[in-house]
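Undergrad: Contents of start01.txt (compact mmCIF, C-alpha atoms):
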```txt
# COMPACT_ATOMS: atom_id res chain seq x y z
CA MET A 1 63.58 67.72 99.06
CA ALA A 2 65.11 64.66 100.75
CA SER A 3 63.14 61.44 100.48
CA PRO A 4 61.78 59.99 103.75
CA PRO A 5 63.43 57.00 105.44
CA LEU A 6 62.31 53.59 104.23
CA ILE A 7 61.16 52.65 107.74
CA GLU A 8 60.56 54.77 110.81
CA PHE A 9 59.15 54.14 114.28
CA GLN A 10 57.96 57.26 116.08
CA GLN A 11 57.39 56.61 119.80
CA VAL A 12 55.96 53.14 119.06
CA SER A 13 54.48 51.30 122.03
CA LYS A 14 52.68 47.97 122.16
CA VAL A 15 50.62 46.91 125.15
CA TYR A 16 48.93 43.54 125.71
CA GLY A 17 46.31 42.77 128.35
CA ARG A 18 44.58 44.99 130.86
CA GLY A 19 44.86 45.94 134.50
CA GLU A 20 47.31 43.85 136.49
CA ALA A 21 47.80 41.60 133.46
CA THR A 22 49.11 44.48 131.33
CA ILE A 23 52.37 43.77 129.51
CA LYS A 24 54.19 46.59 127.74
CA ALA A 25 56.02 44.75 124.93
CA LEU A 26 57.36 47.96 123.37
CA ASP A 27 57.82 51.24 125.18
CA ARG A 28 58.09 54.44 123.09
CA VAL A 29 60.58 53.13 120.55
CA ASP A 30 62.12 55.50 118.00
CA LEU A 31 64.14 54.05 115.14
CA VAL A 32 64.99 54.71 111.49
CA ILE A 33 66.07 52.14 108.88
CA GLU A 34 67.21 53.43 105.52
CA LYS A 35 67.00 51.76 102.12
CA ASN A 36 69.64 49.06 101.48
CA GLU A 37 70.58 48.62 105.15
CA PHE A 38 71.21 45.21 106.75
CA VAL A 39 70.01 45.38 110.36
CA ALA A 40 70.05 42.72 113.06
CA ILE A 41 67.52 42.97 115.89
CA MET A 42 68.72 41.32 119.09
CA GLY A 43 67.70 40.97 122.72
CA PRO A 44 66.76 38.40 125.36
CA SER A 45 63.39 36.68 125.47
CA GLY A 46 60.69 39.21 126.30
CA SER A 47 62.81 42.18 125.19
CA GLY A 48 60.38 43.27 122.48
CA LYS A 49 62.34 42.22 119.41
CA SER A 50 59.66 39.84 118.10
CA THR A 51 56.93 42.41 118.69
CA ALA A 52 58.97 44.99 116.79
CA MET A 53 59.41 42.50 113.94
CA ASN A 54 55.67 41.79 113.80
CA ILE A 55 54.91 45.50 113.54
CA LEU A 56 57.61 45.99 110.88
CA GLY A 57 55.98 43.18 108.89
CA CYS A 58 52.49 44.68 109.27
CA LEU A 59 51.43 41.55 111.14
CA ASP A 60 50.55 43.68 114.17
CA VAL A 61 49.90 47.36 114.84
CA PRO A 62 51.21 49.71 117.56
CA SER A 63 49.05 50.54 120.56
CA SER A 64 50.38 54.09 120.24
CA GLY A 65 52.95 55.94 118.17
CA GLU A 66 53.45 55.69 114.42
CA TYR A 67 55.05 53.21 112.01
CA LEU A 68 55.92 54.93 108.73
CA PHE A 69 56.84 53.04 105.56
CA HIS A 70 58.27 55.26 102.82
CA GLY A 71 56.84 58.20 104.75
CA ILE A 72 53.31 56.74 104.78
CA ARG A 73 51.69 56.34 108.19
CA THR A 74 50.62 52.71 108.24
CA SER A 75 47.93 53.61 110.80
CA THR A 76 46.04 55.29 107.93
CA LEU A 77 45.92 52.05 105.90
CA ASP A 78 42.90 49.77 105.97
CA ARG A 79 43.16 45.98 106.14
CA ARG A 80 43.31 45.55 102.36
CA GLN A 81 46.05 48.16 102.06
CA HIS A 82 48.05 46.47 104.83
CA THR A 83 47.74 43.20 102.92
CA MET A 84 48.92 44.87 99.71
CA LEU A 85 51.91 46.41 101.49
CA ARG A 86 52.94 42.99 102.83
CA ARG A 87 52.35 41.31 99.48
CA HIS A 88 54.23 43.82 97.32
CA MET A 89 56.87 45.37 99.56
CA LEU A 90 57.85 42.73 102.12
CA GLY A 91 59.34 39.25 101.96
CA PHE A 92 59.36 36.90 104.97
CA VAL A 93 61.80 34.14 105.97
CA PHE A 94 61.12 32.09 109.12
CA GLN A 95 63.16 29.73 111.29
CA GLY A 96 60.79 26.86 110.51
CA PHE A 97 60.86 27.35 106.69
CA ASN A 98 57.01 27.18 106.48
CA LEU A 99 57.04 25.30 103.18
CA LEU A 100 54.16 23.23 101.85
CA ALA A 101 54.83 19.51 102.29
CA ARG A 102 54.72 17.12 99.32
CA THR A 103 54.97 20.16 97.05
CA SER A 104 57.86 20.96 94.72
CA ALA A 105 60.34 23.75 95.33
CA LEU A 106 59.03 25.50 92.21
CA GLU A 107 55.41 25.35 93.39
CA ASN A 108 56.36 26.67 96.83
CA VAL A 109 58.15 29.65 95.29
CA GLU A 110 55.27 30.34 92.91
CA LEU A 111 52.76 30.64 95.75
CA PRO A 112 53.05 34.43 96.40
CA LEU A 113 52.57 35.00 92.66
CA VAL A 114 49.42 32.88 92.68
CA TYR A 115 48.00 35.29 95.28
CA ARG A 116 48.76 38.11 92.87
CA GLY A 117 46.74 36.38 90.15
CA MET A 118 49.75 36.13 87.84
CA GLU A 119 49.57 34.01 84.69
CA ALA A 120 51.12 30.54 85.05
CA GLY A 121 53.92 30.97 82.51
CA GLU A 122 55.16 34.21 84.08
CA ARG A 123 54.91 32.68 87.56
CA ARG A 124 57.10 29.81 86.48
CA ARG A 125 59.67 32.11 84.86
CA LEU A 126 60.01 34.28 87.97
CA ALA A 127 60.08 31.27 90.32
CA ASN A 128 62.83 29.62 88.28
CA ARG A 129 64.82 32.85 88.35
CA ALA A 130 64.46 33.13 92.15
CA LEU A 131 65.56 29.51 92.64
CA SER A 132 68.58 30.20 90.44
CA GLN A 133 69.43 33.23 92.58
CA VAL A 134 69.60 31.05 95.69
CA GLY A 135 71.64 28.31 94.01
CA LEU A 136 68.92 25.70 93.51
CA THR A 137 68.98 25.26 89.74
CA GLY A 138 68.25 21.58 89.13
CA ARG A 139 66.22 21.20 92.32
CA GLU A 140 63.05 22.87 91.03
CA HIS A 141 60.93 19.71 91.01
CA HIS A 142 62.20 18.20 94.28
CA THR A 143 59.64 18.10 97.08
CA THR A 144 60.49 19.49 100.51
CA GLN A 145 61.07 15.97 101.84
CA GLU A 146 63.75 15.49 99.20
CA LEU A 147 65.69 18.61 100.26
CA SER A 148 68.12 19.18 103.12
CA GLY A 149 67.41 21.77 105.79
CA GLY A 150 69.70 24.26 104.10
CA GLN A 151 68.04 23.67 100.73
CA GLN A 152 64.61 24.12 102.30
CA GLN A 153 65.68 27.47 103.72
CA ARG A 154 66.98 28.46 100.28
CA VAL A 155 63.54 27.63 98.86
CA ALA A 156 61.99 29.79 101.59
CA ILE A 157 64.32 32.66 100.68
CA ALA A 158 63.50 32.24 96.98
CA ARG A 159 59.79 32.40 97.86
CA ALA A 160 60.45 35.59 99.84
CA ILE A 161 62.31 37.36 97.02
CA VAL A 162 60.27 36.15 94.02
CA THR A 163 58.04 39.23 94.31
CA SER A 164 61.08 41.58 94.28
CA PRO A 165 60.33 43.01 97.75
CA LYS A 166 61.91 46.19 99.09
CA VAL A 167 62.47 44.57 102.50
CA LEU A 168 63.39 41.03 103.55
CA LEU A 169 62.29 40.22 107.11
CA ALA A 170 64.17 37.21 108.45
CA ASP A 171 63.17 35.72 111.82
CA GLU A 172 65.99 33.49 113.17
CA PRO A 173 66.79 32.30 109.60
CA THR A 174 69.57 29.95 110.76
CA GLY A 175 67.91 28.71 113.96
CA ASN A 176 67.36 25.17 112.63
CA LEU A 177 70.64 24.85 110.72
CA ASP A 178 74.14 23.56 111.48
CA THR A 179 77.15 25.89 111.51
CA LYS A 180 78.30 25.23 107.94
CA THR A 181 74.83 25.62 106.48
CA SER A 182 74.21 28.73 108.60
CA LYS A 183 77.27 30.35 107.04
CA GLU A 184 76.02 29.51 103.54
CA ILE A 185 72.58 30.97 104.27
CA MET A 186 74.04 34.14 105.79
CA GLU A 187 76.34 34.63 102.80
CA LEU A 188 73.29 34.27 100.56
CA ILE A 189 71.31 36.85 102.56
CA THR A 190 74.31 39.20 102.58
CA GLY A 191 74.51 38.90 98.79
CA LEU A 192 70.83 39.78 98.42
CA ASN A 193 71.51 42.93 100.43
CA GLU A 194 74.79 43.96 98.80
CA GLU A 195 74.25 42.85 95.21
CA HIS A 196 70.49 43.21 94.79
CA GLY A 197 69.85 46.16 97.10
CA ILE A 198 67.26 44.42 99.27
CA THR A 199 66.95 45.94 102.74
CA VAL A 200 67.35 43.13 105.30
CA ILE A 201 65.95 43.17 108.84
CA MET A 202 66.84 40.04 110.79
CA VAL A 203 65.96 38.85 114.28
CA THR A 204 68.63 36.69 115.88
CA HIS A 205 69.93 35.85 119.35
CA GLU A 206 73.33 34.73 118.05
CA ASP A 207 76.21 37.21 118.01
CA ASP A 208 78.03 35.42 115.20
CA ILE A 209 74.95 35.64 112.97
CA ALA A 210 74.34 39.29 113.91
CA ALA A 211 77.93 40.02 112.86
CA TYR A 212 76.86 39.66 109.22
CA ALA A 213 74.62 42.72 109.59
CA LYS A 214 75.97 46.23 109.18
CA ARG A 215 74.01 47.49 112.17
CA ASN A 216 72.74 45.92 115.40
CA LEU A 217 69.67 47.08 117.30
CA ARG A 218 69.48 45.63 120.82
CA PHE A 219 66.19 45.63 122.69
CA LEU A 220 65.76 45.32 126.45
CA ASP A 221 62.52 45.51 128.43
CA GLY A 222 60.60 46.85 125.45
CA ARG A 223 63.03 49.65 124.69
CA LEU A 224 65.75 50.14 122.09
CA ASN A 225 68.75 49.76 124.37
CA SER A 226 71.57 50.27 121.85
CA ASP A 227 72.14 50.98 118.15
CA SER A 228 75.62 50.12 116.87
CA HIS A 229 77.38 49.66 113.54
CA ASN A 230 79.42 46.59 112.56
CA GLY A 231 81.84 48.13 110.10
CA LYS A 232 81.58 46.19 106.84
CA GLY A 233 79.10 43.72 108.31
CA LYS A 234 81.12 40.72 107.17
CA ALA A 235 81.46 37.85 109.64
CA ASP A 236 84.43 35.51 109.74
CA VAL A 237 83.62 33.77 112.99
CA LEU A 238 81.61 30.85 111.66
```
Output the file's structure in the form of structure tokens.

TA:
Amino acid sequence: MASPPLIEFQQVSKVYGRGEATIKALDRVDLVIEKNEFVAIMGPSGSGKSTAMNILGCLDVPSSGEYLFHGIRTSTLDRRQHTMLRRHMLGFVFQGFNLLARTSALENVELPLVYRGMEAGERRRLANRALSQVGLTGREHHTTQELSGGQQQRVAIARAIVTSPKVLLADEPTGNLDTKTSKEIMELITGLNEEHGITVIMVTHEDDIAAYAKRNLRFLDGRLNSDSHNGKGKADVL
């Protein structure tokens, strides 16, 4: 028997407000994302891409329809189970880095493991390994103020992958970076997908960044407007 898709939306809709103030952020969206894919979600402001990302990350729930993760209907999960799914299966990277100020890179990366109640020595070992994976060996004890924007985003990526997630959710991961640093970060994310088998789902409004993905999903007016493949998913435009 074939295993279910990693991620599936079945007629997912999301509605905010009531009456004349009703906004339909998503309108009966169907989509499937398989294990090890690298998918870019695109669309203009108000298209529904951010709402879709929030539901994918279990930060929000559909108004109707079903979101399935590994064949499990997330609507059947209680709040604790949603938290456990986020904590053990998903890693998050944001445009604004969201690092703790005046705290070392190592301590920032250890934070998700603290929530798991992991012993200090094991936390440190895994955090050091994650920082090595993103090319920050030797920067473990630098605070965020002592790191460049690109280095801070590498710390954020290390924090996202330290728990060995199945899915990396990246929301405009290069939005605050210059062109050269953006290329470095996208090559790093591509390597996590191709060499470590992490499924990557990335929101971006930039075509040159989306070109790194192997597949582009474009949203418009709350609907999935197009679903296209990018060949090898390698970008050479930056």

Undergrad: Please provide as a PyMOL selection string all residues within 8 Å of A:Glu140, with the sequence filter that same-chain residues fewer than 6 positions apart are discarded (counting only C-alpha atoms).

TA: chain A and resi 104-106+128+131

Undergrad: Mind pulling up the distance from atom CA of A:Phe97 to atom CA of A:Ser132?

TA: 18.2 Å

Undergrad: By how many Å are atom CA of A:Thr103 and atom CA of A:Met118 apart?

TA: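 Separation between atom CA of A:Thr103 and atom CA of A:Met118: 19.2 Å.
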
Undergrad: Name the residues in contact with A:Leu177 at a cut-off of 10 Å, using all atoms listed in the file, excluding same-chain residues fewer than 6 positions from it; report them as a VMD selection string.

TA: chain A and resid 95 148 to 150 153 183 185

Undergrad: Just to confirm, what's the straight-line distance from atom CA of A:Met89 to atom CA of A:Thr204 in Å (one decimal)?

TA: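 Taking atom CA of A:Met89 as the start and atom CA of A:Thr204 as the end point, the length is 21.9 Å.
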
Undergrad: Name the residues within 6 Å of (52.4, 27.7, 88.7), counting all atoms listed in the file in the file's coordinates, and put them as a list in words.

TA: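 In the file's frame, the residues around the point are Glu110, Ala120, Arg123 and Arg124 of chain A.
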
Undergrad: Please return, as number ranges by chain, all polymer residues that have at least one atom within 6 Å of the point (65.4, 39.6, 113.6); use all atoms listed in the file and the file's own coordinate frame.

TA: A: 40-41, 170-171, 201-204

Undergrad: Please identify every residue of stretch 48-72 of chain A that has at least one atom no farther than 10 Å from an atom of stretch 208-221 of chain A, counting all atoms listed in the file, and for each give the shortest atom pair and the distance in Å to one decimal, arranged by chain then increasing number, as a Markdown table.

TA:
```
| residue | atom | partner | partner_atom | distance |
| --- | --- | --- | --- | --- |
| A:Gly48 | CA | A:Phe219 | CA | 6.3 |
| A:Lys49 | CA | A:Phe219 | CA | 6.1 |
| A:Ser50 | CA | A:Phe219 | CA | 9.9 |
| A:Ala52 | CA | A:Phe219 | CA | 9.3 |
```

Undergrad: Ranking A:Thr22, A:Ser64, A:Ser45, A:Asn230 by minimum distance to A:Phe9 and counting only C-alpha atoms, which one comes first?

TA: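 Answer, going by the shortest atom-to-atom distance: A:Ser64.
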
Undergrad: Find, counting only C-alpha atoms, the residue in A:Ala101, A:Ile55, A:Ile33, A:Val200 that gets nearest to A:His82.

TA: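 Using only C-alpha atoms, A:His82 sits closest to A:Ile55.
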
Undergrad: For A:Ser226, which of A:Arg28, A:Met42, A:Leu90, A:Asn54 is the closest residue, counting only C-alpha atoms?

TA: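 That would be A:Met42, the residue with the smallest distance to A:Ser226.
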
Undergrad: From the set A:Leu113, A:Val93, A:Leu85, A:Leu56, which residue has the shortest atom-to-atom contact distance to A:Pro173, counting all atoms listed in the file?

TA: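 Comparing A:Leu113, A:Val93, A:Leu85, A:Leu56 against A:Pro173, the winner is A:Val93.
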
Undergrad: Restricting the calculation to all atoms listed in the file, which member of A:Lys35, A:His205, A:Arg125, A:Arg159 is positioned closest to A:Leu111?

TA: A:Arg159
